[in-house]
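A.B. asks: Let me give you the structure first, and then I'll get to my questions.
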Amino acid sequence: MLFLLLLLLVLGIALTLPEVQTRIAQYATEKINAEFKTDIQIEQIAVTIYGGVKLKKVFIKDHHKDTLIYANRITTSILDLNKLINGKLIFGDIRIDRLLLNMKTYKGENDSNLNMFIDRFDDGKPSSGNFLFTSKNINLAKSRLVVIDENREVPKDVDFTKLNAQLSDFMIKGPNVTSNIEEMSFQDHRGLFVKNLKSKFSYTKKQILLNDLAILTGGSYFQGNAALTYKREDFSDFNNKVHFDILVNKASLATNDIFYFYDEIGKNQKFSLKAHITGTLNDLTAKNMNLIDTKNSQIVGNVNFRNLFGNSNQPFYMKGNFTKVASNYKNLIKLLPNVLGTKLPSSLDKFGQFTIRGNAEITTKTIVTDFYMTTALGNIQSDLSMNNIDNIDNANYTGNIILEEFNIGSFTGEKKLGKVTLNIDVDGQGFKQKNLNTTFSGDVYKIRYNDYTYTKVIVDGKFKNPIFTGKVFINDPNLFMDFKGLVNLSKKDIAYNFQTTIDYANLRQLNFVKSDSIAVLKGEVNLNILGNNLDDLKGDVHFGQTSYQNSQNNYYFEEFSLHSSFDAENVRTIAIESPDIIQGKVVGKFKIGLLKKMLENSAGSLYANYSRNPIQKGQYLKFDFSVDSKIIEVFYPGVDIGKDTKMRGAIDSDTDDFKFNFSSPTIKAYGNTFDNIKVDIDNKNPLYNAYVSLDSIKTKYYKARDFSLINITTKIPCSCERNLKAAILAKMPFH
């Protein structure tokens, strides 16, 4: 016994000597290097008689003689010295300070230096355990993990610094590694700091498993399972060949964390996520995905993303089958500002909060959709294919669109338009009004215009802003009409060239006439006019076989034609031809908007104290018309003018000349009758300015004959000479 104690004492003293420690280190490494053809160097091994071991400056070189593994200090205890001598490294707890694991795939090689190192311990027999390394607990402090592939455009995949970890049940058996990661924190080289990572970890030559994975960062947490499946040569094309299988049981993700890895995502947002994600980094599929952000935007469905991390030859692609997408334009472009922000039409902002179900396929150039959408403006069903979406407001599209109670007026900014329900096929270009160039055909079941809802409308035409050409058939209860032609809706350029047959138009119900209880129009209309505004509008308007009914009567007009033209000196002629309505013309230089003021000045010139309206220089006109009673009765029910009523005259705003001659055999107005009326006005006549005569006046109060009036303008506001030749046949009401 005493001898044994002395032996142990001598052995303990010997093991503390540097020469002995160095020799032990040399013996251990030489045995391992000789057996496994490795290059391992250990500066010192300090062994106590109680099995404690300290390894200083452990250095493992790869096949290029570069650093694969380096540890400044490893402290542990040997549990089985005999197995250690035979290459079985069975340790107790291990503490490693400043570990460096430098995984590198060299230029032109397929395998990493770690794979090639592990191969040295693989005898080709499954789980033979030829090489064995175990430890109950491993503590890593101030360590670093680097993964580099020199065959890639961006060589560095991983560079974890400030790596601290607590591992349990660690084992390397042949080429396989297993362990429980109890705690792990590190700083990623892209900027993300992981506060804690926990998992049941295993590594083989074909798979990495992270079961019961939990990750916590400053803004995110993740719970689930992850698996990487690969062939060894796949790491040379990691983004395209290494297969992921990630089950997200529960996650709260901050876009600020994701931004370190995918800089297309917007910042300062959070969302919760559940999904089963499979595929490579450049071909990821999220199944049963349920994503909700803090603003209650939600995506539920299955989505495939391609080339999220692709190079210039790998364009972005997304295909999804969505049970629900609830969001709004601002939230979507904020989430992916450089992807969706340039691909979604800006006009979607008017939809407000919307919900979509259906399918979508998006590339950098195209969008193919088949979805049903509810919006703040109404519902949309679309089966649409779009191209040139990198210039989205001017994109090309073709397909079918169904609108249900959709407020087209709010969408287009047209106040007179309201809700529409339609089903049309479209093929065109542009989403903003200035870019529109679209052909369309189909049914408009309902459309609100001018506070009236039209039904049963069929359209087949083309809209190239601002011109519509095509056909419209309306079978509404208050409008039966066929239209064919062109309409220019520009505010600057006016042009109409169309033919329309109006079988029935109730203008009162359609809110075009409010002054009469009945207003029904029928007839044929041909228009061919163009110009920039009413003042230079030229062309022809023709009404054929037209009838109009108001509360007083039914009126029939065989034809009505209007022609506007300009001569070489820009003198305008407006000619009206209708044998049973009105015939005549207006000739001169005048602006339509100033006609009312010109007439006011002309009538006011008969009075000395009239303050005239300022009128642009060079305005004048001459007119000569024969008027039939029908045209007056249409617009003023209760007023009847006899046939062969004539009016002619001239107005000159520069000289203030006003001449007007009017004659009518009979005028009946609201129960009063005026026979053989003549009016002669000339404000420059030295004898008189106005002369009015009537053969007779008949009212319900009195009757008069041979009435005449002469007006002379003097400095006194109004001086009149009256020659009243009359026989009072009925008593005046004031007598």
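A note on labels: chains of the structure tokens are A, B, ... as shown, every chain counts residues from 1, and ligands are counted from 1 in their shown order.
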Please identify all polymer residues within 12 Å of Lys434 of chain A, counting only C-alpha atoms, omitting same-chain residues fewer than 5 positions from it, and present them as a PyMOL selection string.

C.D. replies: chain A and resi 393-394+412+429+463-467+489-490

A.B. asks: Compile the contact shell of Gln552 of chain A as an mmCIF file with C-alpha atoms, in the first residue's frame: residues with an atom at most 10 Å away, counting only C-alpha atoms, same-chain residues fewer than 3 positions apart removed.

C.D. replies:
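To be explicit, this is the file written out as around.cif:
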```cif
data_model
loop_
_atom_site.group_PDB
_atom_site.id
_atom_site.type_symbol
_atom_site.label_atom_id
_atom_site.label_comp_id
_atom_site.auth_asym_id
_atom_site.auth_seq_id
_atom_site.Cartn_x
_atom_site.Cartn_y
_atom_site.Cartn_z
ATOM 1 C CA ASP A 516 -90.946 68.446 -66.841
ATOM 2 C CA SER A 517 -92.790 65.405 -65.545
ATOM 3 C CA ILE A 518 -92.512 63.630 -68.917
ATOM 4 C CA GLN A 549 -92.898 63.636 -75.681
ATOM 5 C CA TYR A 555 -93.591 66.078 -81.175
ATOM 6 C CA GLU A 633 -92.630 73.693 -76.939
ATOM 7 C CA VAL A 634 -90.048 70.973 -76.357
ATOM 8 C CA TYR A 636 -90.793 75.377 -72.675
ATOM 9 C CA PRO A 637 -94.034 73.433 -72.374
ATOM 10 C CA GLY A 638 -96.981 75.830 -72.476
ATOM 11 C CA VAL A 639 -95.359 78.145 -75.032
#
```

A.B. asks: Need the shell around segment 375-391 of chain A: protein/DNA/RNA residues with any atom at most 7 Å away, counting only C-alpha atoms. Skip same-chain ones fewer than 6 positions apart. Format as a list in words?

C.D. replies: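 Skipping anything fewer than 6 positions along the chain leaves Thr342, Lys343, Phe351, Gly352, Gln353, Phe354, Thr355, Thr364, Lys365, Thr366, Ile367, Val368, Thr369, Tyr397, Thr398, Gly399, Asn400, Ile401, Ile402, Leu403, Glu404, Glu405, Phe406 and Asn407 of chain A.
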
A.B. asks: With N, CA, C and O atoms retained, write the just-selected residues as an mmCIF file, in the first residue's frame.

C.D. replies:
```cif
data_model
loop_
_atom_site.group_PDB
_atom_site.id
_atom_site.type_symbol
_atom_site.label_atom_id
_atom_site.label_comp_id
_atom_site.auth_asym_id
_atom_site.auth_seq_id
_atom_site.Cartn_x
_atom_site.Cartn_y
_atom_site.Cartn_z
ATOM 1 N N THR A 342 -42.886 47.946 -56.636
ATOM 2 C CA THR A 342 -42.746 48.284 -58.053
ATOM 3 C C THR A 342 -43.598 47.403 -58.954
ATOM 4 O O THR A 342 -43.638 47.627 -60.159
ATOM 5 N N LYS A 343 -44.261 46.417 -58.369
ATOM 6 C CA LYS A 343 -45.034 45.481 -59.178
ATOM 7 C C LYS A 343 -46.549 45.696 -59.057
ATOM 8 O O LYS A 343 -47.291 45.389 -59.969
ATOM 9 N N PHE A 351 -58.361 50.831 -53.029
ATOM 10 C CA PHE A 351 -59.152 49.694 -52.580
ATOM 11 C C PHE A 351 -59.326 49.673 -51.066
ATOM 12 O O PHE A 351 -60.198 48.981 -50.552
ATOM 13 N N GLY A 352 -58.459 50.401 -50.340
ATOM 14 C CA GLY A 352 -58.509 50.317 -48.888
ATOM 15 C C GLY A 352 -58.097 48.927 -48.419
ATOM 16 O O GLY A 352 -57.318 48.226 -49.054
ATOM 17 N N GLN A 353 -58.639 48.502 -47.274
ATOM 18 C CA GLN A 353 -58.373 47.151 -46.770
ATOM 19 C C GLN A 353 -59.099 46.133 -47.653
ATOM 20 O O GLN A 353 -60.290 46.266 -47.916
ATOM 21 N N PHE A 354 -58.380 45.123 -48.136
ATOM 22 C CA PHE A 354 -58.988 44.139 -49.020
ATOM 23 C C PHE A 354 -58.669 42.728 -48.545
ATOM 24 O O PHE A 354 -57.727 42.494 -47.786
ATOM 25 N N THR A 355 -59.500 41.787 -49.009
ATOM 26 C CA THR A 355 -59.298 40.369 -48.717
ATOM 27 C C THR A 355 -59.339 39.603 -50.029
ATOM 28 O O THR A 355 -60.237 39.810 -50.848
ATOM 29 N N THR A 364 -40.550 38.860 -62.247
ATOM 30 C CA THR A 364 -40.117 40.248 -62.393
ATOM 31 C C THR A 364 -40.805 40.927 -63.573
ATOM 32 O O THR A 364 -40.804 42.153 -63.668
ATOM 33 N N LYS A 365 -41.398 40.145 -64.481
ATOM 34 C CA LYS A 365 -42.018 40.708 -65.676
ATOM 35 C C LYS A 365 -43.514 40.438 -65.769
ATOM 36 O O LYS A 365 -44.217 41.148 -66.486
ATOM 37 N N THR A 366 -44.014 39.402 -65.083
ATOM 38 C CA THR A 366 -45.395 38.976 -65.295
ATOM 39 C C THR A 366 -46.121 38.735 -63.978
ATOM 40 O O THR A 366 -45.508 38.453 -62.950
ATOM 41 N N ILE A 367 -47.441 38.849 -64.052
ATOM 42 C CA ILE A 367 -48.331 38.438 -62.972
ATOM 43 C C ILE A 367 -49.488 37.666 -63.598
ATOM 44 O O ILE A 367 -50.119 38.145 -64.549
ATOM 45 N N VAL A 368 -49.756 36.475 -63.098
ATOM 46 C CA VAL A 368 -50.913 35.687 -63.528
ATOM 47 C C VAL A 368 -51.774 35.449 -62.293
ATOM 48 O O VAL A 368 -51.287 34.922 -61.286
ATOM 49 N N THR A 369 -53.029 35.858 -62.354
ATOM 50 C CA THR A 369 -53.896 35.783 -61.177
ATOM 51 C C THR A 369 -55.219 35.112 -61.507
ATOM 52 O O THR A 369 -55.713 35.185 -62.632
ATOM 53 N N TYR A 397 -52.045 43.443 -70.136
ATOM 54 C CA TYR A 397 -52.849 42.444 -69.450
ATOM 55 C C TYR A 397 -53.910 41.874 -70.391
ATOM 56 O O TYR A 397 -54.326 42.510 -71.369
ATOM 57 N N THR A 398 -54.318 40.651 -70.070
ATOM 58 C CA THR A 398 -55.387 40.001 -70.822
ATOM 59 C C THR A 398 -56.091 39.030 -69.895
ATOM 60 O O THR A 398 -55.471 38.433 -69.009
ATOM 61 N N GLY A 399 -57.412 38.873 -70.086
ATOM 62 C CA GLY A 399 -58.152 37.951 -69.228
ATOM 63 C C GLY A 399 -59.575 38.405 -69.005
ATOM 64 O O GLY A 399 -60.170 39.116 -69.833
ATOM 65 N N ASN A 400 -60.125 38.001 -67.869
ATOM 66 C CA ASN A 400 -61.527 38.269 -67.537
ATOM 67 C C ASN A 400 -61.603 38.977 -66.193
ATOM 68 O O ASN A 400 -60.878 38.636 -65.251
ATOM 69 N N ILE A 401 -62.507 39.954 -66.104
ATOM 70 C CA ILE A 401 -62.721 40.690 -64.858
ATOM 71 C C ILE A 401 -64.214 40.735 -64.564
ATOM 72 O O ILE A 401 -65.020 41.061 -65.450
ATOM 73 N N ILE A 402 -64.568 40.407 -63.335
ATOM 74 C CA ILE A 402 -65.942 40.528 -62.859
ATOM 75 C C ILE A 402 -65.937 41.516 -61.695
ATOM 76 O O ILE A 402 -65.178 41.360 -60.743
ATOM 77 N N LEU A 403 -66.764 42.544 -61.794
ATOM 78 C CA LEU A 403 -66.920 43.516 -60.716
ATOM 79 C C LEU A 403 -68.316 43.361 -60.117
ATOM 80 O O LEU A 403 -69.303 43.246 -60.851
ATOM 81 N N GLU A 404 -68.382 43.370 -58.797
ATOM 82 C CA GLU A 404 -69.656 43.257 -58.096
ATOM 83 C C GLU A 404 -69.846 44.475 -57.204
ATOM 84 O O GLU A 404 -69.092 44.678 -56.248
ATOM 85 N N GLU A 405 -70.826 45.300 -57.549
ATOM 86 C CA GLU A 405 -71.118 46.511 -56.760
ATOM 87 C C GLU A 405 -69.843 47.307 -56.500
ATOM 88 O O GLU A 405 -69.599 47.791 -55.392
ATOM 89 N N PHE A 406 -69.028 47.461 -57.544
ATOM 90 C CA PHE A 406 -67.736 48.140 -57.414
ATOM 91 C C PHE A 406 -67.907 49.620 -57.746
ATOM 92 O O PHE A 406 -68.452 49.984 -58.791
ATOM 93 N N ASN A 407 -67.408 50.487 -56.858
ATOM 94 C CA ASN A 407 -67.569 51.929 -57.041
ATOM 95 C C ASN A 407 -66.520 52.434 -58.023
ATOM 96 O O ASN A 407 -65.449 52.894 -57.641
#
```

A.B. asks: Would you list the contacts of segment 492-496 of chain A as a PyMOL selection string, taking every protein, DNA or RNA residue within 10 Å and counting only C-alpha atoms, but skipping same-chain residues closer than 5 positions in sequence?

C.D. replies: chain A and resi 466-469+485-487+526-534+536-541

A.B. asks: Would you pick out the contacts of Met171 of chain A at 9 Å or less, using only C-alpha atoms, so that residues sharing its chain but fewer than 2 positions from it are not included, and give the list as an MDAnalysis selection string?

C.D. replies: chainID A and resid 132:136 169 173 176:179

A.B. asks: Can you write out the residues you just picked, keeping N, CA and C atoms, as a CSV table (one decimal), in the first residue's frame?

C.D. replies:
```csv
chain,number,residue,atom,x,y,z
A,132,LEU,N,-14.1,7.5,-31.6
A,132,LEU,CA,-15.1,7.9,-30.6
A,132,LEU,C,-14.6,9.0,-29.8
A,133,PHE,N,-15.5,10.0,-29.7
A,133,PHE,CA,-15.2,11.2,-28.8
A,133,PHE,C,-16.5,11.5,-28.1
A,134,THR,N,-16.5,11.5,-26.8
A,134,THR,CA,-17.7,11.7,-26.0
A,134,THR,C,-17.4,12.7,-24.9
A,135,SER,N,-18.5,13.4,-24.5
A,135,SER,CA,-18.4,14.3,-23.3
A,135,SER,C,-19.8,14.5,-22.8
A,136,LYS,N,-19.9,14.5,-21.5
A,136,LYS,CA,-21.2,14.7,-20.9
A,136,LYS,C,-21.6,16.2,-21.1
A,169,ASP,N,-24.3,15.8,-23.6
A,169,ASP,CA,-24.3,14.5,-24.3
A,169,ASP,C,-23.7,14.6,-25.7
A,173,LYS,N,-19.0,9.9,-33.3
A,173,LYS,CA,-18.8,8.5,-33.5
A,173,LYS,C,-18.6,8.3,-35.0
A,176,ASN,N,-20.1,10.9,-37.5
A,176,ASN,CA,-21.4,11.4,-37.0
A,176,ASN,C,-21.2,12.2,-35.7
A,177,VAL,N,-22.0,13.3,-35.6
A,177,VAL,CA,-21.9,14.1,-34.4
A,177,VAL,C,-23.3,14.3,-33.9
A,178,THR,N,-23.5,14.1,-32.6
A,178,THR,CA,-24.8,14.4,-31.9
A,178,THR,C,-24.5,15.2,-30.6
A,179,SER,N,-25.5,16.0,-30.3
A,179,SER,CA,-25.4,16.7,-29.0
A,179,SER,C,-26.7,17.5,-28.7
```

A.B. asks: Interatomic distance between atom CA of Leu247 of chain A and atom CA of Lys274 of chain A?

C.D. replies: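 We find that atom CA of Leu247 of chain A and atom CA of Lys274 of chain A lie 8.1 Å from each other.
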
A.B. asks: Need the shell around Val147 of chain A: protein/DNA/RNA residues with any atom at most 12 Å away, counting only C-alpha atoms. Skip same-chain ones fewer than 5 positions apart. Format as a PyMOL selection string?

C.D. replies: chain A and resi 68+100-106+112-114+152+154-161+188-189+235-236+238

A.B. asks: Quick one: everything within 7 Å of segment 646-657 of chain A, counting only C-alpha atoms, minus sequence neighbours fewer than 5 positions away in the same chain. Send it as a PyMOL selection string.

C.D. replies: chain A and resi 598+602+615+617-627+662-664+683-684

A.B. asks: Next, the residues of the selection above should be written as an mmCIF file, in the first residue's frame with N, CA, C and O atoms.

C.D. replies:
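The result, stored in result30.cif:
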```
data_model
loop_
_atom_site.group_PDB
_atom_site.id
_atom_site.type_symbol
_atom_site.label_atom_id
_atom_site.label_comp_id
_atom_site.auth_asym_id
_atom_site.auth_seq_id
_atom_site.Cartn_x
_atom_site.Cartn_y
_atom_site.Cartn_z
ATOM 1 N N MET A 598 -72.816 89.204 -74.194
ATOM 2 C CA MET A 598 -73.036 90.027 -75.379
ATOM 3 C C MET A 598 -74.507 90.398 -75.517
ATOM 4 O O MET A 598 -74.845 91.548 -75.827
ATOM 5 N N SER A 602 -76.217 94.078 -75.301
ATOM 6 C CA SER A 602 -77.055 94.565 -76.400
ATOM 7 C C SER A 602 -78.388 95.072 -75.886
ATOM 8 O O SER A 602 -78.848 96.168 -76.251
ATOM 9 N N ILE A 615 -66.158 92.765 -72.396
ATOM 10 C CA ILE A 615 -66.144 91.732 -73.436
ATOM 11 C C ILE A 615 -64.824 91.801 -74.185
ATOM 12 O O ILE A 615 -64.317 92.884 -74.483
ATOM 13 N N LYS A 617 -62.272 91.919 -77.141
ATOM 14 C CA LYS A 617 -62.367 92.625 -78.417
ATOM 15 C C LYS A 617 -62.542 91.644 -79.575
ATOM 16 O O LYS A 617 -62.118 90.505 -79.529
ATOM 17 N N GLY A 618 -63.184 92.162 -80.634
ATOM 18 C CA GLY A 618 -63.331 91.392 -81.863
ATOM 19 C C GLY A 618 -64.496 90.427 -81.881
ATOM 20 O O GLY A 618 -64.587 89.577 -82.765
ATOM 21 N N GLN A 619 -65.456 90.564 -80.927
ATOM 22 C CA GLN A 619 -66.604 89.658 -80.874
ATOM 23 C C GLN A 619 -67.782 90.265 -81.658
ATOM 24 O O GLN A 619 -68.229 91.378 -81.367
ATOM 25 N N TYR A 620 -68.246 89.527 -82.661
ATOM 26 C CA TYR A 620 -69.423 89.979 -83.404
ATOM 27 C C TYR A 620 -70.111 88.775 -84.022
ATOM 28 O O TYR A 620 -69.524 87.707 -84.196
ATOM 29 N N LEU A 621 -71.396 88.971 -84.360
ATOM 30 C CA LEU A 621 -72.141 87.900 -85.034
ATOM 31 C C LEU A 621 -73.365 88.481 -85.732
ATOM 32 O O LEU A 621 -73.871 89.554 -85.367
ATOM 33 N N LYS A 622 -73.811 87.739 -86.756
ATOM 34 C CA LYS A 622 -75.065 88.004 -87.450
ATOM 35 C C LYS A 622 -75.875 86.722 -87.452
ATOM 36 O O LYS A 622 -75.313 85.637 -87.570
ATOM 37 N N PHE A 623 -77.185 86.849 -87.353
ATOM 38 C CA PHE A 623 -78.026 85.652 -87.317
ATOM 39 C C PHE A 623 -79.309 85.889 -88.086
ATOM 40 O O PHE A 623 -79.796 87.026 -88.219
ATOM 41 N N ASP A 624 -79.865 84.805 -88.592
ATOM 42 C CA ASP A 624 -81.115 84.851 -89.364
ATOM 43 C C ASP A 624 -81.770 83.482 -89.257
ATOM 44 O O ASP A 624 -81.221 82.488 -89.750
ATOM 45 N N PHE A 625 -82.960 83.422 -88.567
ATOM 46 C CA PHE A 625 -83.621 82.149 -88.320
ATOM 47 C C PHE A 625 -85.116 82.236 -88.607
ATOM 48 O O PHE A 625 -85.753 83.277 -88.383
ATOM 49 N N SER A 626 -85.648 81.114 -89.089
ATOM 50 C CA SER A 626 -87.090 80.876 -89.141
ATOM 51 C C SER A 626 -87.381 79.756 -88.152
ATOM 52 O O SER A 626 -86.771 78.683 -88.223
ATOM 53 N N VAL A 627 -88.317 80.022 -87.224
ATOM 54 C CA VAL A 627 -88.546 79.111 -86.112
ATOM 55 C C VAL A 627 -89.943 78.530 -86.193
ATOM 56 O O VAL A 627 -90.916 79.256 -86.414
ATOM 57 N N PHE A 662 -87.811 90.815 -85.204
ATOM 58 C CA PHE A 662 -88.570 89.612 -84.847
ATOM 59 C C PHE A 662 -89.998 89.769 -85.334
ATOM 60 O O PHE A 662 -90.615 90.846 -85.176
ATOM 61 N N SER A 663 -90.527 88.703 -85.928
ATOM 62 C CA SER A 663 -91.934 88.718 -86.348
ATOM 63 C C SER A 663 -92.518 87.320 -86.191
ATOM 64 O O SER A 663 -91.839 86.330 -86.443
ATOM 65 N N SER A 664 -93.755 87.279 -85.716
ATOM 66 C CA SER A 664 -94.434 86.004 -85.526
ATOM 67 C C SER A 664 -95.929 86.207 -85.706
ATOM 68 O O SER A 664 -96.492 87.188 -85.190
ATOM 69 N N ASN A 683 -80.119 100.065 -81.774
ATOM 70 C CA ASN A 683 -79.685 101.014 -80.747
ATOM 71 C C ASN A 683 -78.923 102.204 -81.311
ATOM 72 O O ASN A 683 -78.612 103.142 -80.587
ATOM 73 N N LYS A 684 -78.595 102.189 -82.642
ATOM 74 C CA LYS A 684 -77.918 103.330 -83.264
ATOM 75 C C LYS A 684 -78.851 104.124 -84.192
ATOM 76 O O LYS A 684 -78.396 105.053 -84.866
#
```

A.B. asks: Can you tell me, as number ranges by chain, which residues in segment 531-643 of chain A count as helix (DSSP H, G or I) by DSSP?

C.D. replies: A: 592-604, 629-635
